[in-house]
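Asks: Hey, dropping query_9.txt in here, compact mmCIF, C-alpha atoms:
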# COMPACT_ATOMS: atom_id res chain seq x y z
CA MET Q 1120 35.43 157.07 7.02
CA LYS Q 1121 33.65 158.55 9.99
CA ILE Q 1122 30.81 160.94 9.21
CA LYS Q 1123 30.47 163.75 11.74
CA SER Q 1124 28.27 166.36 10.07
CA LEU Q 1125 25.69 166.98 7.36
CA GLN Q 1126 28.49 168.38 5.22
CA ASP Q 1127 30.25 164.99 5.58
CA VAL Q 1128 27.00 163.30 4.49
CA GLU Q 1129 26.88 165.51 1.39
CA GLU Q 1130 30.53 164.77 0.52
CA THR Q 1131 30.06 161.05 1.11
CA ILE Q 1132 27.02 160.92 -1.18
CA LYS Q 1133 29.05 162.76 -3.83
CA CYS Q 1134 31.81 160.15 -3.51
CA VAL Q 1135 29.23 157.35 -3.86
CA ALA Q 1136 27.87 159.05 -7.00
CA GLN Q 1137 31.37 159.31 -8.47
CA ILE Q 1138 32.10 155.65 -7.73
CA ASP Q 1139 28.74 154.62 -9.24
CA ALA Q 1140 29.58 156.60 -12.39
CA GLU Q 1141 33.00 154.93 -12.65
CA ILE Q 1142 31.49 151.48 -12.17
CA ARG Q 1143 28.89 152.19 -14.88
CA ALA Q 1144 31.62 153.38 -17.24
CA ILE Q 1145 33.67 150.22 -16.61
CA ASP Q 1146 30.58 148.02 -17.07
CA ASN Q 1147 29.67 149.85 -20.29
CA THR Q 1148 33.19 149.40 -21.65
CA ALA Q 1149 33.04 145.70 -20.80
CA THR Q 1150 29.62 145.33 -22.44
CA VAL Q 1151 30.85 147.00 -25.63
CA ALA Q 1152 33.92 144.74 -25.70
CA ILE Q 1153 31.82 141.62 -25.08
CA ASN Q 1154 29.33 142.59 -27.79
CA LYS Q 1155 32.16 143.20 -30.27
CA ALA Q 1156 33.77 139.86 -29.36
CA ASN Q 1157 30.44 138.04 -29.78
CA GLU Q 1158 29.83 139.71 -33.15
CA GLU Q 1159 33.34 138.81 -34.31
CA ALA Q 1160 32.95 135.21 -33.12
CA ALA Q 1161 29.60 134.91 -34.91
CA ARG Q 1162 31.10 136.40 -38.08
CA MET Q 1163 34.10 134.07 -37.96
CA SER Q 1164 32.11 130.94 -37.15
CA ALA Q 1165 29.28 131.54 -39.67
CA PRO Q 1166 31.10 129.85 -42.59
CA LEU Q 1167 32.00 126.91 -40.36
CA ALA Q 1168 28.41 126.57 -39.16
CA ALA Q 1169 27.16 126.68 -42.76
CA GLU Q 1170 29.68 124.00 -43.78
CA ARG Q 1171 28.65 121.87 -40.79
CA GLU Q 1172 24.98 122.10 -41.82
CA LYS Q 1173 25.88 121.03 -45.38
CA LEU Q 1174 27.81 118.03 -44.05
CA LEU Q 1175 24.96 117.03 -41.75
CA ALA Q 1176 22.47 117.33 -44.62
CA ALA Q 1177 24.71 115.12 -46.80
CA LEU Q 1178 24.94 112.53 -44.00
CA LYS Q 1179 21.17 112.56 -43.56
CA ASP Q 1180 20.57 112.21 -47.30
CA TYR Q 1181 22.93 109.23 -47.48
CA SER Q 1182 21.42 107.73 -44.33
CA ASP Q 1183 17.86 108.13 -45.63
CA ALA Q 1184 18.78 106.54 -48.98
CA ASN Q 1185 20.70 103.62 -47.41
CA ARG Q 1186 18.81 103.07 -44.16
CA SER Q 1187 18.46 99.28 -44.47
CA LYS Q 1188 22.17 98.89 -45.32
CA ILE Q 1189 23.46 101.15 -42.54
CA TYR Q 1190 21.19 100.14 -39.66
CA GLU Q 1191 21.00 96.41 -39.15
CA ASP Q 1192 18.45 94.45 -37.11
CA GLY Q 1193 16.04 97.40 -36.78
CA LYS Q 1194 18.57 99.56 -35.00
CA LYS Q 1195 18.18 103.32 -35.25
CA SER Q 1196 21.83 104.28 -34.84
CA ARG Q 1197 25.25 103.09 -35.87
CA GLU Q 1198 28.65 103.79 -34.39
CA PHE Q 1199 31.59 104.63 -36.59
CA ILE Q 1200 35.21 105.31 -35.64
CA ASN Q 1201 34.63 109.05 -35.56
CA GLY Q 1202 31.15 109.10 -34.06
CA THR Q 1203 27.59 107.91 -34.33
CA ILE Q 1204 24.75 108.66 -36.71
CA GLY Q 1205 21.16 107.70 -36.29
CA TYR Q 1206 17.56 108.70 -35.75
CA ARG Q 1207 15.76 109.74 -32.59
CA GLN Q 1208 12.04 109.56 -32.12
CA ASN Q 1209 10.92 112.71 -30.37
CA PRO Q 1210 7.84 112.45 -28.17
CA ASP Q 1211 4.52 113.68 -29.52
CA LYS Q 1212 3.65 117.26 -28.68
CA VAL Q 1213 0.25 118.52 -27.68
CA GLU Q 1214 -0.71 121.98 -28.85
CA VAL Q 1215 -3.76 123.75 -27.45
CA SER Q 1216 -5.57 127.01 -28.06
CA GLU Q 1217 -6.58 129.64 -25.55
CA ASP Q 1218 -10.09 128.23 -25.19
CA THR Q 1219 -9.11 124.54 -24.81
CA ALA Q 1220 -9.30 124.61 -20.98
CA ASP Q 1221 -12.79 126.15 -21.00
CA LEU Q 1222 -14.00 123.66 -23.61
CA LEU Q 1223 -12.61 120.75 -21.56
CA ILE Q 1224 -14.33 121.99 -18.39
CA LYS Q 1225 -17.67 122.48 -20.20
CA ALA Q 1226 -17.43 118.93 -21.56
CA GLY Q 1227 -16.80 117.49 -18.08
CA PHE Q 1228 -13.06 116.87 -18.40
CA GLN Q 1229 -11.98 118.92 -15.36
CA ASN Q 1230 -9.29 116.29 -14.68
CA CYS Q 1231 -7.58 117.45 -17.88
CA VAL Q 1232 -7.29 121.05 -16.66
CA LYS Q 1233 -4.66 122.21 -14.21
CA VAL Q 1234 -5.85 124.84 -11.76
CA LYS Q 1235 -3.29 126.45 -9.53
CA LYS Q 1236 -4.74 127.29 -6.13
CA GLU Q 1237 -2.87 130.11 -4.51
CA PRO Q 1238 -3.93 132.66 -1.90
CA VAL Q 1239 -4.01 136.30 -2.95
CA LYS Q 1240 -1.50 137.70 -0.48
CA ALA Q 1241 -2.42 141.33 -1.12
CA ALA Q 1242 -5.98 140.60 0.04
CA LEU Q 1243 -4.75 138.74 3.13
CA LYS Q 1244 -2.96 141.87 4.39
CA ASN Q 1245 -6.38 143.24 5.38
CA PHE Q 1246 -7.32 140.28 7.59
CA ASP Q 1247 -7.75 141.00 11.30
CA ALA Q 1248 -5.94 138.93 13.95
CA ALA Q 1249 -8.80 136.40 14.30
CA GLN Q 1250 -8.97 135.80 10.56
CA GLN Q 1251 -5.20 135.51 10.36
CA LYS Q 1252 -5.24 132.86 13.08
CA LYS Q 1253 -8.17 130.98 11.55
CA PHE Q 1254 -6.52 130.74 8.12
CA HIS Q 1255 -2.93 130.30 9.35
CA VAL Q 1256 -1.80 133.62 7.95
CA SER Q 1257 1.12 135.53 9.41
CA LEU Q 1258 1.69 139.19 8.70
CA VAL Q 1259 5.41 139.85 8.69
CA PRO Q 1260 6.20 143.54 9.04
CA GLY Q 1261 8.36 145.00 6.31
CA GLU Q 1262 11.92 145.76 7.30
CA GLU Q 1263 13.40 149.18 7.04
CA THR Q 1264 16.53 149.24 4.93
CA PHE Q 1265 18.97 152.06 4.42
CA TYR Q 1266 19.63 153.33 0.93
CA CYS Q 1267 21.69 155.98 -0.79
CA LYS Q 1268 20.68 157.18 -4.23
CA ALA Q 1269 23.38 159.49 -5.43
CA ALA Q 1270 22.28 162.13 -7.91
CA GLU Q 1271 24.28 161.90 -11.11
CA ARG Q 1272 23.83 165.63 -11.74
CA THR Q 1273 26.20 166.34 -8.83
CA ILE Q 1274 29.13 164.98 -10.82
CA PRO Q 1275 30.16 166.70 -14.04
CA GLU Q 1276 32.16 163.62 -15.12
CA ALA Q 1277 29.09 161.36 -14.95
CA ALA Q 1278 27.64 162.92 -18.09
CA ALA Q 1279 30.66 161.82 -20.15
With the file now loaded, output its structure as structure tokens.
Replies:
Amino acid sequence: MKIKSLQDVEETIKCVAQIDAEIRAIDNTATVAINKANEEAARMSAPLAAEREKLLAALKDYSDANRSKIYEDGKKSREFINGTIGYRQNPDKVEVSEDTADLLIKAGFQNCVKVKKEPVKAALKNFDAAQQKKFHVSLVPGEETFYCKAAERTIPEAAA
């Protein structure tokens, strides 16, 4: 489409607004369908998931009660025809509070505190050319980009 006048601009923006409204309607329909499908899948699989949890609990109970018989030579797992059961040792977790870093620093354990050094770019925008050169800062001018924001109020169908 070739735009030759301000009237053409107005008509083109209206077309963009109509297309945007149609795309939103299609996306909304898809989202509703996806949400319904997810809800239905969750509803249908809930009894299976509950049964699975019961079976896993029964396997764990049996395994706990018969550990020395099932796992020979200090092993932590055992293979069966249909799969493997066993135990995994998860690594220890460290939990800290909000003041842990400050307490570590006060006690002289700075090596246990991570400090992220990062320039504040907003402040560097105000540097003059000499300061920019001295600190290896480059100011990249922002690019101008074209945009079209179609007003939904121009299309009666968009409200539906």
Asks: What are the centre and the three edge lengths of an axis-aligned box that wraps all atoms of segment 1210-1227 of chain Q in the file, given that 3 Å is added to every side, written as AutoDock Vina command-line options and rounded to one decimal in Å?
Replies:
--center_x -4.9 --center_y 121.0 --center_z -23.8 --size_x 31.5 --size_y 23.2 --size_z 17.4
Asks: Which of these residues is nearest to Lys1240 of chain Q, using all atoms listed in the file: Q:Leu1178, Q:Ala1140, Q:Ala1226, Q:Val1256?
Replies: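 Of Q:Leu1178, Q:Ala1140, Q:Ala1226, Q:Val1256, the one nearest Lys1240 of chain Q is Q:Val1256, counting all atoms listed in the file.
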Asks: What does the structure give for the distance between atom CA of Glu1191 of chain Q and atom CA of Ala1176 of chain Q, in Å to one decimal?
Replies: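 About the pair atom CA of Glu1191 of chain Q and atom CA of Ala1176 of chain Q: they are 21.7 Å apart.
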Asks: Can you measure atom CA of Lys1123 of chain Q to atom CA of Glu1262 of chain Q for me? One decimal in Å is fine.
Replies: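 The value is 26.2 Å.
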Asks: Counting all atoms listed in the file, note down every residue that has an atom within 12 Å of the point (24.2, 159.8, -1.4) (file coordinates), as a PyMOL selection string.
Replies: chain Q and resi 1125-1139+1265-1274
Asks: To one decimal in Å, tell me the separation between atom CA of Lys1236 of chain Q and atom CA of Ile1224 of chain Q.
Replies: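 We find that atom CA of Lys1236 of chain Q and atom CA of Ile1224 of chain Q lie 16.4 Å from each other.
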Asks: For Lys1179 of chain Q, which residue among Q:Thr1150, Q:Ile1204, Q:Leu1167, Q:Ala1160 is the nearest when counting only C-alpha atoms?
Replies: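 Among the listed residues, Q:Ile1204 lies closest to Lys1179 of chain Q.
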